[in-house]
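**Q** One file: target.txt (compact mmCIF, C-alpha atoms).
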```
# COMPACT_ATOMS: atom_id res chain seq x y z
CA MET A 29 0.00 0.00 0.00
CA ALA A 30 1.36 3.34 -0.99
CA ASN A 31 1.83 5.54 1.99
CA LEU A 32 -0.40 8.49 2.73
CA LYS A 33 2.15 11.18 2.02
CA ASP A 34 2.93 9.84 -1.45
CA ILE A 35 -0.72 9.76 -2.45
CA LYS A 36 -1.30 13.23 -1.12
CA ARG A 37 1.63 14.57 -3.10
CA LYS A 38 0.34 12.89 -6.24
CA ILE A 39 -3.10 14.40 -5.81
CA GLY A 40 -1.49 17.81 -5.49
CA SER A 41 0.51 17.41 -8.68
CA VAL A 42 -2.46 16.16 -10.71
CA LYS A 43 -4.50 19.10 -9.47
CA ASN A 44 -1.79 21.48 -10.59
CA THR A 45 -1.69 19.90 -14.04
CA GLN A 46 -5.42 20.23 -14.22
CA LYS A 47 -5.13 23.95 -13.52
CA THR A 48 -2.67 24.32 -16.38
CA THR A 49 -4.76 22.39 -18.87
CA ARG A 50 -7.88 24.29 -17.91
CA ALA A 51 -6.08 27.59 -18.41
CA MET A 52 -4.78 26.41 -21.80
CA LYS A 53 -8.27 25.47 -22.83
CA LEU A 54 -9.57 28.91 -21.97
CA VAL A 55 -6.74 30.55 -23.89
CA SER A 56 -7.43 28.38 -26.93
CA THR A 57 -11.12 29.19 -26.78
CA ALA A 58 -10.36 32.89 -26.86
CA LYS A 59 -7.82 32.50 -29.66
CA LEU A 60 -10.19 30.33 -31.65
CA ARG A 61 -12.80 33.03 -31.53
CA ARG A 62 -10.32 35.52 -32.91
CA ALA A 63 -9.08 33.17 -35.63
CA GLU A 64 -12.64 32.43 -36.62
CA GLU A 65 -13.33 36.13 -36.94
CA VAL A 66 -10.37 36.56 -39.29
CA ALA A 67 -11.44 33.56 -41.32
CA LYS A 68 -14.95 34.92 -41.62
CA ARG A 69 -13.69 38.23 -42.96
CA SER A 70 -11.46 36.51 -45.47
CA ARG A 71 -14.29 34.40 -46.73
CA PHE A 72 -15.71 37.41 -48.61
CA TYR A 73 -12.52 37.67 -50.60
CA GLU A 74 -12.45 33.95 -51.18
CA GLU A 75 -15.98 33.99 -52.53
CA ALA A 76 -15.30 36.98 -54.71
CA ILE A 77 -12.09 35.62 -56.20
CA ASN A 78 -13.56 32.17 -56.75
CA ASP A 79 -16.56 33.75 -58.45
CA THR A 80 -14.36 35.81 -60.71
CA MET A 81 -12.14 32.87 -61.54
CA SER A 82 -15.06 30.61 -62.36
CA GLU A 83 -16.69 33.25 -64.52
CA ILE A 84 -13.52 33.85 -66.39
CA ALA A 85 -12.82 30.16 -66.76
CA SER A 86 -16.26 29.52 -68.20
CA ALA A 87 -16.12 32.63 -70.34
CA ILE A 88 -12.82 31.49 -71.72
CA ASN A 89 -14.25 28.07 -72.39
CA LYS A 90 -17.24 29.54 -74.15
CA TYR A 91 -15.72 32.32 -76.17
CA LYS A 92 -12.15 31.12 -76.35
CA VAL A 93 -10.71 34.40 -75.23
CA GLY A 94 -7.57 35.03 -73.27
CA GLY A 95 -5.76 31.82 -74.17
CA ILE A 96 -6.70 29.08 -71.75
CA GLN A 97 -3.94 26.95 -73.20
CA GLY A 98 -1.65 28.67 -70.77
CA ARG A 99 0.62 26.67 -68.59
CA TYR A 100 -1.58 27.30 -65.57
CA PHE A 101 -4.34 25.02 -66.79
CA GLU A 102 -2.31 22.25 -68.40
CA GLN A 103 -3.11 18.95 -66.74
CA VAL A 104 -0.24 16.52 -66.68
CA GLU A 105 -0.96 12.78 -66.74
CA LEU A 106 2.19 11.60 -65.03
CA PRO A 107 3.94 14.43 -63.25
CA GLY A 108 7.72 14.26 -63.00
CA VAL A 109 8.24 16.51 -60.02
CA VAL A 110 5.59 17.71 -57.63
CA ASP A 111 5.70 20.23 -54.81
CA ILE A 112 3.79 19.34 -51.68
CA ILE A 113 3.21 22.26 -49.39
CA PHE A 114 1.81 21.35 -46.02
CA ILE A 115 0.84 23.34 -43.00
CA THR A 116 1.24 22.19 -39.41
CA ALA A 117 1.22 24.08 -36.14
CA ASP A 118 4.29 25.50 -34.43
CA LYS A 119 3.21 24.06 -31.13
CA GLY A 120 2.05 20.69 -29.94
CA LEU A 121 -0.47 19.74 -27.26
CA CYS A 122 -3.32 19.76 -29.71
CA GLY A 123 -4.21 16.09 -29.98
CA GLY A 124 -3.86 14.45 -33.36
CA PHE A 125 -4.01 17.74 -35.24
CA ASN A 126 -0.45 17.77 -36.59
CA TYR A 127 -0.22 14.04 -36.98
CA GLN A 128 -3.28 13.96 -39.23
CA THR A 129 -1.60 16.29 -41.69
CA ILE A 130 1.71 14.46 -41.52
CA LYS A 131 -0.04 11.14 -42.13
CA THR A 132 -1.74 12.48 -45.25
CA VAL A 133 1.52 13.94 -46.51
CA ARG A 134 3.31 10.63 -45.98
CA SER A 135 0.73 8.53 -47.76
CA LEU A 136 0.73 10.97 -50.67
CA LEU A 137 4.50 10.89 -50.68
CA ASN A 138 4.52 7.10 -50.89
CA GLU A 139 1.90 7.16 -53.61
CA PHE A 140 3.95 9.54 -55.73
CA GLN A 141 7.17 7.70 -55.10
CA SER A 142 5.69 4.38 -56.14
CA LYS A 143 4.69 6.02 -59.41
CA GLY A 144 8.19 7.33 -59.87
CA THR A 145 7.30 10.96 -59.28
CA LYS A 146 9.80 13.07 -57.43
CA VAL A 147 8.38 15.06 -54.56
CA ARG A 148 9.68 18.26 -53.06
CA LEU A 149 8.35 18.89 -49.60
CA LYS A 150 7.76 22.40 -48.39
CA ALA A 151 6.75 22.75 -44.79
CA VAL A 152 5.06 25.50 -42.86
CA GLY A 153 5.13 25.05 -39.09
CA LYS A 154 7.64 23.67 -36.64
CA LYS A 155 5.94 20.35 -35.92
CA GLY A 156 5.94 19.15 -39.50
CA ILE A 157 9.52 20.29 -40.02
CA GLU A 158 10.66 18.46 -36.90
CA PHE A 159 8.91 15.29 -37.89
CA PHE A 160 10.39 15.07 -41.36
CA ALA A 161 13.82 16.11 -40.13
CA PHE A 162 13.69 13.28 -37.62
CA GLN A 163 12.67 10.84 -40.33
CA GLY A 164 15.56 11.98 -42.46
CA TYR A 165 13.49 13.43 -45.29
CA GLU A 166 14.88 16.42 -47.05
CA LEU A 167 12.68 19.49 -47.00
CA SER A 168 13.24 21.85 -49.89
CA ASP A 169 11.77 24.81 -48.05
CA LYS A 170 10.54 25.49 -44.56
CA VAL A 171 9.19 28.35 -42.55
CA ILE A 172 8.47 28.70 -38.85
CA GLY A 173 6.14 31.23 -37.35
CA LEU A 174 3.89 31.65 -40.35
CA SER A 175 1.27 29.20 -39.16
CA SER A 176 0.85 30.84 -35.77
CA SER A 177 0.49 34.32 -37.23
CA PRO A 178 -0.63 34.22 -40.88
CA ASP A 179 0.61 37.10 -42.95
CA TYR A 180 -0.45 37.69 -46.53
CA LYS A 181 2.87 39.00 -47.77
CA LYS A 182 4.95 36.25 -46.19
CA ALA A 183 2.56 33.59 -47.47
CA ALA A 184 2.83 35.03 -50.97
CA GLN A 185 6.60 35.01 -50.73
CA PHE A 186 6.64 31.42 -49.61
CA ILE A 187 4.58 30.21 -52.54
CA GLN A 188 6.38 32.35 -55.09
CA GLY A 189 9.24 29.91 -55.56
CA SER A 190 6.88 27.10 -56.41
CA VAL A 191 4.93 29.20 -58.88
CA GLU A 192 8.09 30.31 -60.63
CA ASP A 193 9.40 26.75 -60.85
CA PHE A 194 6.06 25.63 -62.17
CA LEU A 195 6.04 28.26 -64.89
CA ALA A 196 9.63 27.44 -65.79
CA GLY A 197 8.61 23.81 -66.21
CA LYS A 198 10.76 22.52 -63.37
CA ILE A 199 7.78 21.07 -61.56
CA ASP A 200 4.47 19.76 -62.83
CA GLY A 201 2.20 20.43 -59.93
CA VAL A 202 1.73 22.06 -56.56
CA ILE A 203 -0.39 20.43 -53.90
CA LEU A 204 -1.44 22.19 -50.72
CA ILE A 205 -2.37 20.16 -47.66
CA HIS A 206 -3.63 21.46 -44.37
CA ASN A 207 -5.87 20.44 -41.54
CA GLY A 208 -8.82 22.75 -41.83
CA TYR A 209 -11.51 24.00 -39.55
CA LYS A 210 -14.90 22.41 -39.98
CA ASN A 211 -16.66 23.40 -36.80
CA MET A 212 -15.91 23.86 -33.11
CA ILE A 213 -15.24 20.19 -32.55
CA THR A 214 -14.09 18.76 -35.86
CA GLN A 215 -11.20 19.37 -38.19
CA GLU A 216 -10.82 17.92 -41.63
CA ILE A 217 -7.87 17.42 -43.90
CA LYS A 218 -8.04 19.60 -46.97
CA GLN A 219 -5.98 18.79 -50.00
CA VAL A 220 -5.99 21.18 -52.91
CA ASN A 221 -4.25 20.96 -56.25
CA LEU A 222 -3.08 24.54 -56.47
CA LEU A 223 -1.35 24.12 -59.79
CA PRO A 224 -2.24 23.27 -62.44
CA ILE A 225 -5.56 24.92 -61.82
CA ASP A 226 -8.40 22.47 -62.06
CA VAL A 227 -11.03 24.21 -64.13
CA SER A 228 -13.63 21.62 -63.20
CA ARG A 229 -13.31 22.82 -59.61
CA PHE A 230 -15.25 25.93 -60.48
CA GLU A 231 -18.89 25.50 -61.15
CA ASN A 232 -19.79 26.39 -64.65
CA LYS A 233 -21.47 29.71 -64.50
CA GLU A 234 -23.74 31.12 -67.13
CA VAL A 235 -22.04 34.22 -68.39
CA SER A 236 -24.50 36.84 -69.47
CA SER A 237 -22.34 38.63 -71.94
CA MET A 238 -18.87 38.58 -73.23
CA ILE A 239 -16.37 39.98 -70.76
CA GLU A 240 -14.20 42.82 -71.92
CA LEU A 241 -10.70 42.68 -70.63
CA GLU A 242 -8.54 45.65 -69.84
CA PRO A 243 -5.64 45.78 -70.64
CA ASP A 244 -6.51 44.08 -73.89
CA GLU A 245 -4.01 41.28 -73.57
CA GLY A 246 -6.12 38.73 -71.73
CA GLU A 247 -3.03 36.83 -70.68
CA LYS A 248 -1.88 39.64 -68.49
CA VAL A 249 -5.18 40.03 -66.70
CA LEU A 250 -5.52 36.31 -66.30
CA GLU A 251 -2.01 35.91 -65.07
CA SER A 252 -2.22 38.52 -62.36
CA LEU A 253 -5.59 37.17 -61.35
CA ILE A 254 -4.28 33.63 -61.12
CA LYS A 255 -1.32 34.80 -59.11
CA LYS A 256 -3.66 36.49 -56.67
CA TYR A 257 -5.81 33.40 -56.57
CA ILE A 258 -2.88 31.18 -55.63
CA GLU A 259 -1.48 33.60 -53.09
CA PHE A 260 -4.82 34.00 -51.49
CA ASN A 261 -5.39 30.28 -51.39
CA ILE A 262 -2.32 29.67 -49.31
CA TYR A 263 -3.12 32.60 -47.06
CA TYR A 264 -6.60 31.29 -46.51
CA ALA A 265 -5.24 27.81 -45.80
CA LEU A 266 -3.04 29.34 -43.10
CA ILE A 267 -5.95 31.07 -41.45
CA ASP A 268 -8.09 27.98 -41.71
CA SER A 269 -5.33 25.86 -40.25
CA LEU A 270 -4.85 28.27 -37.36
CA ALA A 271 -8.53 28.14 -36.47
CA ALA A 272 -8.44 24.35 -36.67
CA GLU A 273 -5.33 24.23 -34.49
CA HIS A 274 -7.01 26.23 -31.76
CA SER A 275 -10.15 24.14 -31.90
CA ALA A 276 -8.07 20.94 -31.74
CA ARG A 277 -6.09 22.27 -28.80
CA MET A 278 -9.24 23.36 -27.06
CA GLN A 279 -10.60 19.84 -27.33
CA ALA A 280 -7.36 18.17 -26.30
CA MET A 281 -7.10 20.38 -23.24
CA ASP A 282 -10.71 19.78 -22.37
CA ALA A 283 -10.10 16.03 -22.47
CA ALA A 284 -6.94 16.43 -20.40
CA THR A 285 -8.81 18.45 -17.78
CA LYS A 286 -11.48 15.77 -17.59
CA ASN A 287 -8.91 13.03 -17.28
CA ALA A 288 -7.13 14.89 -14.51
CA LYS A 289 -10.42 15.26 -12.68
CA GLU A 290 -11.05 11.53 -12.89
CA MET A 291 -7.57 10.79 -11.70
CA VAL A 292 -7.97 13.07 -8.69
CA GLU A 293 -11.19 11.28 -7.80
CA GLN A 294 -9.54 7.87 -7.95
CA LEU A 295 -6.52 9.01 -6.01
CA THR A 296 -8.77 10.53 -3.35
CA ILE A 297 -10.53 7.20 -2.95
CA SER A 298 -7.28 5.32 -2.53
CA TYR A 299 -6.08 8.04 -0.14
CA ASN A 300 -9.17 7.59 2.01
CA LYS A 301 -8.79 3.83 1.90
CA ALA A 302 -5.19 4.03 2.99
CA ARG A 303 -6.09 6.42 5.78
CA GLN A 304 -8.88 4.16 6.99
CA GLU A 305 -6.52 1.23 6.89
CA SER A 306 -3.91 2.97 8.96
CA ILE A 307 -6.51 3.98 11.54
CA THR A 308 -7.75 0.42 11.72
CA THR A 309 -4.23 -0.87 12.20
CA GLU A 310 -3.61 1.62 14.94
CA LEU A 311 -6.84 0.70 16.70
CA ILE A 312 -6.00 -2.97 16.56
CA GLU A 313 -2.61 -2.23 18.02
CA ILE A 314 -4.10 -0.25 20.92
CA ILE A 315 -6.75 -2.85 21.63
CA SER A 316 -4.32 -5.75 21.54
CA GLY A 317 -1.97 -3.77 23.77
CA MET A 318 -4.78 -3.28 26.30
CA GLU A 319 -5.66 -6.95 26.09
CA ALA A 320 -2.05 -7.83 26.88
CA MET A 321 -2.04 -5.52 29.94
CA LYS A 322 -4.93 -7.40 31.57
CA MET B 24 -32.63 56.33 -60.33
CA ASP B 25 -30.68 53.21 -61.13
CA THR B 26 -28.03 52.10 -58.73
CA LEU B 27 -25.12 49.77 -58.93
CA LYS B 28 -24.07 47.35 -56.25
CA LEU B 29 -20.45 47.89 -55.28
CA GLU B 30 -18.24 45.65 -53.21
CA ILE B 31 -14.64 46.36 -52.31
CA VAL B 32 -12.86 43.42 -50.73
CA THR B 33 -9.35 42.93 -49.35
CA PRO B 34 -7.89 39.66 -48.06
CA GLU B 35 -8.50 40.98 -44.56
CA GLY B 36 -12.14 41.73 -45.09
CA LEU B 37 -14.92 43.67 -46.72
CA ILE B 38 -14.08 47.38 -46.95
CA PHE B 39 -17.13 48.70 -48.69
CA GLU B 40 -20.51 47.34 -49.65
CA GLY B 41 -23.48 49.30 -50.87
CA ASP B 42 -25.59 50.69 -53.67
CA VAL B 43 -23.99 53.55 -55.52
CA LYS B 44 -24.89 55.93 -58.31
CA SER B 45 -21.52 55.82 -59.94
CA VAL B 46 -17.96 54.84 -59.22
CA THR B 47 -14.59 55.74 -60.72
CA PHE B 48 -11.74 53.24 -60.76
CA PRO B 49 -8.02 53.85 -61.37
CA GLY B 50 -7.65 51.33 -64.19
CA GLU B 51 -4.35 50.04 -65.46
CA GLU B 52 -4.92 51.80 -68.76
CA GLY B 53 -6.48 54.92 -67.34
CA GLU B 54 -9.21 55.99 -65.07
CA PHE B 55 -12.72 54.91 -65.93
CA GLY B 56 -16.14 55.53 -64.54
CA VAL B 57 -18.82 52.92 -64.12
CA LEU B 58 -22.52 53.63 -64.17
CA PRO B 59 -25.35 51.13 -63.80
CA LYS B 60 -25.86 48.84 -66.82
CA HIS B 61 -22.20 48.93 -67.73
CA ALA B 62 -20.96 46.20 -70.06
CA SER B 63 -19.17 43.28 -68.45
CA LEU B 64 -15.58 44.19 -67.87
CA LEU B 65 -12.59 42.91 -66.07
CA SER B 66 -9.80 45.34 -65.45
CA LEU B 67 -6.61 45.54 -63.51
CA LEU B 68 -6.26 48.46 -61.15
CA LYS B 69 -3.21 50.46 -60.31
CA PRO B 70 -2.49 52.46 -57.17
CA GLY B 71 -4.97 55.28 -56.91
CA VAL B 72 -8.28 56.44 -55.59
CA ILE B 73 -11.67 54.83 -56.05
CA GLU B 74 -14.27 57.57 -56.03
CA ILE B 75 -17.75 56.59 -55.13
CA GLU B 76 -20.95 58.56 -55.48
CA MET B 77 -23.45 57.10 -53.08
CA SER B 78 -27.13 56.78 -53.90
CA ASP B 79 -27.87 59.73 -51.62
CA GLY B 80 -25.38 61.91 -53.46
CA LYS B 81 -22.65 61.73 -50.83
CA LYS B 82 -19.13 61.16 -52.09
CA GLU B 83 -16.62 58.74 -50.70
CA SER B 84 -13.01 58.00 -51.58
CA ILE B 85 -11.04 54.86 -50.98
CA VAL B 86 -7.33 54.63 -51.63
CA ILE B 87 -6.07 51.31 -52.99
CA ASN B 88 -2.66 49.95 -53.92
CA TRP B 89 -3.31 47.14 -56.38
CA GLY B 90 -6.12 44.91 -57.49
CA HIS B 91 -8.67 44.19 -60.12
CA VAL B 92 -12.30 44.92 -60.66
CA LYS B 93 -15.04 42.90 -62.24
CA VAL B 94 -18.00 44.82 -63.55
CA ASP B 95 -21.36 43.30 -64.43
CA GLU B 96 -24.54 45.02 -65.51
CA ASN B 97 -25.58 45.88 -62.01
CA LYS B 98 -22.68 44.87 -59.84
CA ALA B 99 -19.04 45.79 -59.47
CA THR B 100 -16.66 43.77 -57.35
CA ALA B 101 -13.21 45.13 -56.66
CA LEU B 102 -10.62 42.79 -55.22
CA VAL B 103 -7.75 44.82 -53.86
CA ASP B 104 -4.63 44.12 -51.85
CA GLY B 105 -4.83 47.03 -49.51
CA ALA B 106 -7.42 49.74 -49.12
CA ILE B 107 -7.86 52.72 -46.83
CA PRO B 108 -11.12 54.66 -46.82
CA LEU B 109 -10.61 58.41 -46.59
CA ALA B 110 -13.21 59.08 -43.97
CA GLY B 111 -13.35 59.64 -40.29
CA ALA B 112 -15.33 61.19 -37.50
CA SER B 113 -12.86 63.96 -36.73
CA GLN B 114 -10.31 66.13 -38.51
CA SER B 115 -7.38 64.38 -36.83
CA GLU B 116 -8.72 60.98 -37.79
CA ILE B 117 -8.98 61.99 -41.41
CA ALA B 118 -5.45 63.37 -41.32
CA LYS B 119 -4.24 60.06 -39.95
CA ARG B 120 -6.01 58.19 -42.72
CA ILE B 121 -4.40 60.39 -45.33
CA GLU B 122 -0.99 59.61 -43.90
CA GLU B 123 -1.76 55.90 -43.99
CA ALA B 124 -3.03 56.16 -47.54
CA LYS B 125 0.13 57.91 -48.69
CA GLU B 126 2.26 55.26 -47.06
CA LEU B 127 0.24 52.54 -48.78
CA ILE B 128 0.75 54.16 -52.16
CA GLU B 129 4.44 54.74 -51.60
CA LYS B 130 4.97 51.09 -50.86
CA ALA B 131 3.04 50.02 -53.94
CA SER B 132 4.76 52.02 -56.62
CA GLU B 133 8.23 53.13 -57.56
CA ASN B 134 7.18 55.53 -60.22
CA LYS B 135 7.72 58.94 -58.59
CA ALA B 136 5.61 60.88 -61.05
CA ALA B 137 2.65 58.55 -60.75
CA LEU B 138 3.07 58.63 -57.03
CA ALA B 139 2.92 62.39 -56.88
CA ALA B 140 -0.18 62.39 -59.05
CA VAL B 141 -1.91 59.94 -56.77
CA GLU B 142 -0.90 61.90 -53.70
CA ALA B 143 -2.33 65.03 -55.23
CA ARG B 144 -5.56 63.16 -55.83
CA ILE B 145 -5.62 61.99 -52.24
CA GLU B 146 -5.26 65.59 -51.06
CA LYS B 147 -8.01 66.69 -53.39
CA ALA B 148 -10.32 63.92 -52.31
CA ALA B 149 -9.62 64.73 -48.69
CA LYS B 150 -10.59 68.39 -49.22
CA ILE B 151 -14.02 67.42 -50.50
CA ILE B 152 -14.66 65.49 -47.30
```
Go ahead and express the file in the form of structure tokens.

**A**
Amino acid sequence: MANLKDIKRKIGSVKNTQKTTRAMKLVSTAKLRRAEEVAKRSRFYEEAINDTMSEIASAINKYKVGGIQGRYFEQVELPGVVDIIFITADKGLCGGFNYQTIKTVRSLLNEFQSKGTKVRLKAVGKKGIEFFAFQGYELSDKVIGLSSSPDYKKAAQFIQGSVEDFLAGKIDGVILIHNGYKNMITQEIKQVNLLPIDVSRFENKEVSSMIELEPDEGEKVLESLIKKYIEFNIYYALIDSLAAEHSARMQAMDAATKNAKEMVEQLTISYNKARQESITTELIEIISGMEAMK
Amino acid sequence: MDTLKLEIVTPEGLIFEGDVKSVTFPGEEGEFGVLPKHASLLSLLKPGVIEIEMSDGKKESIVINWGHVKVDENKATALVDGAIPLAGASQSEIAKRIEEAKELIEKASENKAALAAVEARIEKAAKII
């Protein structure tokens, strides 16, 4: 039987842990609310840019303006080199959040490698970088700090290299993977083929009239629009991932707090039992001592 | 009186939404005005001032650095990188906004002449307010 002092000390330490996890949960709840707010504001832009892209894509399909045969839309059957960009958190203690993303990246990696496609991994977030460094994979690009505070300019800079390589023909595709926010209690893995742009992803919209482009060279308009679209996509993924991270952490900390509570209850029971036992032993000793005196 | 629905959006959120009488954009190939029932148009925008005439006749100016605008018959959507509305409750607030706007423009362009022209426009727009 563990002695009373040990149990008491253990109860104290579990209670302290519980305090920490509860505090972390509250912090995550507050941060989640803020991240959600940012995501909500960005959704307007997302809708607007997706609308514009889909209208242009269908207009181009219909009227054959602008030159859809651009590199951006070229689908490759068997890509030679592919960039996988994935977003994880900078911090742990958020349940399976980071591992989910890493798992998806790994299975995709194996899939590509079995087909003979070379993969360049680009990581955002400390956890993913650490994992692949530990496994001995080479990362072609990595950035820390971007996933905990998304910044449009930095995100655009990060993706720029991939876009340039893609246009130069060095790579045949760019895939973006992140663990996204679904609702307060669930996250889901989102995998997007950033490049080449999948036209079928946009719903075919009825275009009322022919769109005039200004400047006249449609390529230029399209190109700058596509660039914006890609930049924004990665920025939005960062925001989405941040919201998901906070919701995952909130849940993990909630579970930890609950577990700690259960543990305290159990320890208290065994503490009481041990105390009762020691009292009983003492009583027996006194009584038998008295008996012996008679 | 016909009105046109105008939306100005940045990655950080919606800057302006409302029905307007007319709006002037700083297009890549020159400034252009849009009235209701305009033909469909997609244009790049350069650093400058978007001037809006609201349905009640009030004027508003928003400084932008880069973006594009999509115009339909009764709707115009401008997607811009950065935007600062030239409006405020007090004189000092407006002055602050003007400073911010100038900074935004300076970062966006290297062309000194164009920059000066835009800054002059900002001053002009600010006087109307």

**Q** Point out the residue among A:Phe140, A:Phe160, A:Tyr257, A:Tyr209 with the least atom-to-atom distance to Leu270 in chain A, counting all atoms listed in the file.

**A** A:Tyr209

**Q** Nearest to Tyr299 in chain A: which of A:Val55, A:Ile172, A:Ile35, A:Val104 is it, counting all atoms listed in the file?

**A**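 Counting all atoms listed in the file, the residue closest to Tyr299 in chain A is A:Ile35.
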
**Q** With 7 Å as the limit and counting only C-alpha atoms, what residues in chain B lie close to chain A? Please list them as a list in words.

**A**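 Taking only C-alpha atoms into account, Val32, Thr33, Pro34, Glu35, Gly36, Leu37, Glu51, Glu52, Ser63, Leu64, Leu65, Ser66 and Leu67 of chain B sit within 7 Å of chain A.
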
**Q** If I take CA of Lys146 in chain A and CA of Ile130 in chain A, how far is one from the other in Å, to one decimal?

**A**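 Distance reported for this atom pair: 17.9 Å.
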
**Q** Please return, as an mmCIF file with C-alpha atoms, keeping the file's coordinate frame, all polymer residues that have at least one atom within 6 Å of the point (7.1, 26.3, -39.0); use all atoms listed in the file and the file's own coordinate frame.

**A**
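Contents of selection33.cif, as written:
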```cif
data_model
loop_
_atom_site.group_PDB
_atom_site.id
_atom_site.type_symbol
_atom_site.label_atom_id
_atom_site.label_comp_id
_atom_site.auth_asym_id
_atom_site.auth_seq_id
_atom_site.Cartn_x
_atom_site.Cartn_y
_atom_site.Cartn_z
ATOM 1 C CA ASP A 118 4.290 25.500 -34.430
ATOM 2 C CA VAL A 152 5.060 25.500 -42.860
ATOM 3 C CA GLY A 153 5.130 25.050 -39.090
ATOM 4 C CA LYS A 154 7.640 23.670 -36.640
ATOM 5 C CA VAL A 171 9.190 28.350 -42.550
ATOM 6 C CA ILE A 172 8.470 28.700 -38.850
ATOM 7 C CA GLY A 173 6.140 31.230 -37.350
#
```

**Q** Using only C-alpha atoms, which residue out of B:Ala148, B:Ile107, B:Ile121, B:Val46 lies closest to Val92 in chain B?

**A**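 Ranked by minimum distance to Val92 in chain B, first place goes to B:Val46.
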
**Q** Excluding same-chain residues fewer than 6 positions from Lys82 in chain B, what lies within 10 Å of it counting all atoms listed in the file, as a list in words?

**A**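 Those residues are Val43, Lys44, Ser45, Val46, Glu74, Ile75, Glu76, Ala148, Ile151 and Ile152 of chain B.
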
**Q** Based on the selection just made, write C-alpha atoms of those residues as a compact mmCIF listing (two decimals), in the frame of the given file.

**A**
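Saved file out_37.txt follows:
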```txt
# COMPACT_ATOMS: atom_id res chain seq x y z
CA VAL B 43 -23.99 53.55 -55.52
CA LYS B 44 -24.89 55.93 -58.31
CA SER B 45 -21.52 55.82 -59.94
CA VAL B 46 -17.96 54.84 -59.22
CA GLU B 74 -14.27 57.57 -56.03
CA ILE B 75 -17.75 56.59 -55.13
CA GLU B 76 -20.95 58.56 -55.48
CA ALA B 148 -10.32 63.92 -52.31
CA ILE B 151 -14.02 67.42 -50.50
CA ILE B 152 -14.66 65.49 -47.30
```

**Q** Draw an axis-aligned box over all listed atoms of range 148-156 of chain A, pad each side with 8 Å, and write its centre and edge lengths in Å, one decimal, as JSON.

**A**
```
{"center_x": 7.4, "center_y": 21.9, "center_z": -44.5, "size_x": 20.6, "size_y": 23.2, "size_z": 33.1}
```
